[in-house]
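A.B. asks: One structure, pasted below without further comment.
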Amino acid sequence: MGTLKIIHSADWQLGKPFGRFPHEVRNALAEARLDVIDELGKAASAAGAAHVVVAGDVFDNVEPGDRIVMQALSRMERARVTWWLMPGNHDHARAGGLWSRIRGRAPSSVKIVDTAEPVEMEEGAWLLPAPLEHRKTTSDPTAALVDMATPPGALRIGLAHGSITEFGASGESSNIIPPDRAKSAGLDYLALGDWHGHLTVGDRTAYSGTPETDRFGRDEPGACIAVDLRSGEAPQLRKVETGRYRWLSRRWNVANEEDLERELATLRTEARLSDVLLSLTLSGVASLSDRVSIIALLENRVGHELRHLDLNADELIARPTTDDIARIDVQGALAGATSTLRSKAEANGSEAQVAAAALERLYVEALRFDAEVSK
């Protein structure tokens, strides 16, 4: 056959709860995971691909709920492509379970590959799936691919979900796949899922990563892989961005608002803030007034521009100036408390962090009092 073009995706984890986030953020992230199905359909159309293979974890669990299932199927039905869905560890196959129900509801363009048997995708091209029947197993889920027979000269495309041993996993880890499986099973390409980032292993094996990023620690947007396959040749792989949200981790050393604004200007060139979840650690030394204004700017303005902000300002050390202390009405007992807190904060002892926080609270309350009086 000529060139077969496919889209390789994995780890959609539809129905992921994102429980630690506020309600409106959870809803936005959950909906984006459904929206990315449309993006995968567009990626297939742009690449001229007639097939999308999904290497496991289509759903986040084995009971995603009817709405998630029907939303997913209706979106897949809209795309002019055949979808090949395989169970992973989050949505593993079991008799009479999720995949049996989906098969009864799925349109003809959605194919469920929940048994380890080769299936013809189109003339001259065969899909060799290695679906998981359990969430964890110490056996190699791709071992059966070696003995799967296909017609002479046919393209052999493996589909599996698990960890390549090169990741440093031990023999007791689950769903371990040898890094040379494509060679030992005579595969033209091995499409993998489980690792949520984009990664190639040799010239015939790759992880597509999740199409919509779902955790901090991976700054890159979600993606899939456009694969061009021709018998006897190494596949041509091209990463295609599909995700909406960016999960960015940053560490900024700042001393005043000007430093913060410079960092924010750089961030704005990287992504639209409304599509950014930012895990931000502040470090450095600032006056008490500058520290308060920096945090206020982040919480009261930038935090609302972003989709979500995780802020850690523990390493931004306040060094109160004479003017900072003067802003506090230091008389009587308050004067003694202010002096004691300042001394402890500057001593860098075991009570320094608590003392600095208390002094900052006094300063903020003084500002609020002044604002009320001036009304």
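Here, A, B, ... name the chains of the structure tokens in the order displayed, residue numbers run from 1 inside each chain, and ligands are numbered from 1 in the same displayed order.
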Need to verify the contact set: A:Ala93, 10 Å, only C-alpha atoms, exclusion of same-chain residues closer than 3 positions in sequence. Can you return it as a list in words?

C.D. replies: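 Contacts, in chain order: Val62, Met86, Pro87, Gly88, Asn89, His90, Gly96, Gly97, Leu98, Trp99, Ser100, Val113, Asp114, Thr115, Pro131, Leu132, Glu133, His134 and Arg135 of chain A.
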
A.B. asks: Mind checking which residues fall within 10 Å of A:Thr321, counting only C-alpha atoms, ignoring those fewer than 2 positions away in the same chain, and posting them as a list of chain:residue names?

C.D. replies: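 Listed by chain and then number, they are A:Ala286, A:Ser287, A:Leu288, A:Ser289, A:Ala318, A:Arg319, A:Asp323, A:Asp324, A:Ile325, A:Ala326.
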
A.B. asks: Which residue is closest to A:Ser139? Choose from A:Ile102, A:His161, A:Ile177, A:Glu261 and count only C-alpha atoms.

C.D. replies: A:Ile177

A.B. asks: Restricting the calculation to only C-alpha atoms: of A:Arg80, A:Glu233, A:His23, A:Leu14, which residue gets closest to A:Arg67?

C.D. replies: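 For A:Arg67, the nearest of the candidates is A:Leu14.
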
A.B. asks: Check the DSSP output for the backbone and give back, as an MDAnalysis selection string, the residues of stretch 194-236 of chain A in strand (DSSP E).

C.D. replies: chainID A and resid 199:201 205:207 223:229 236
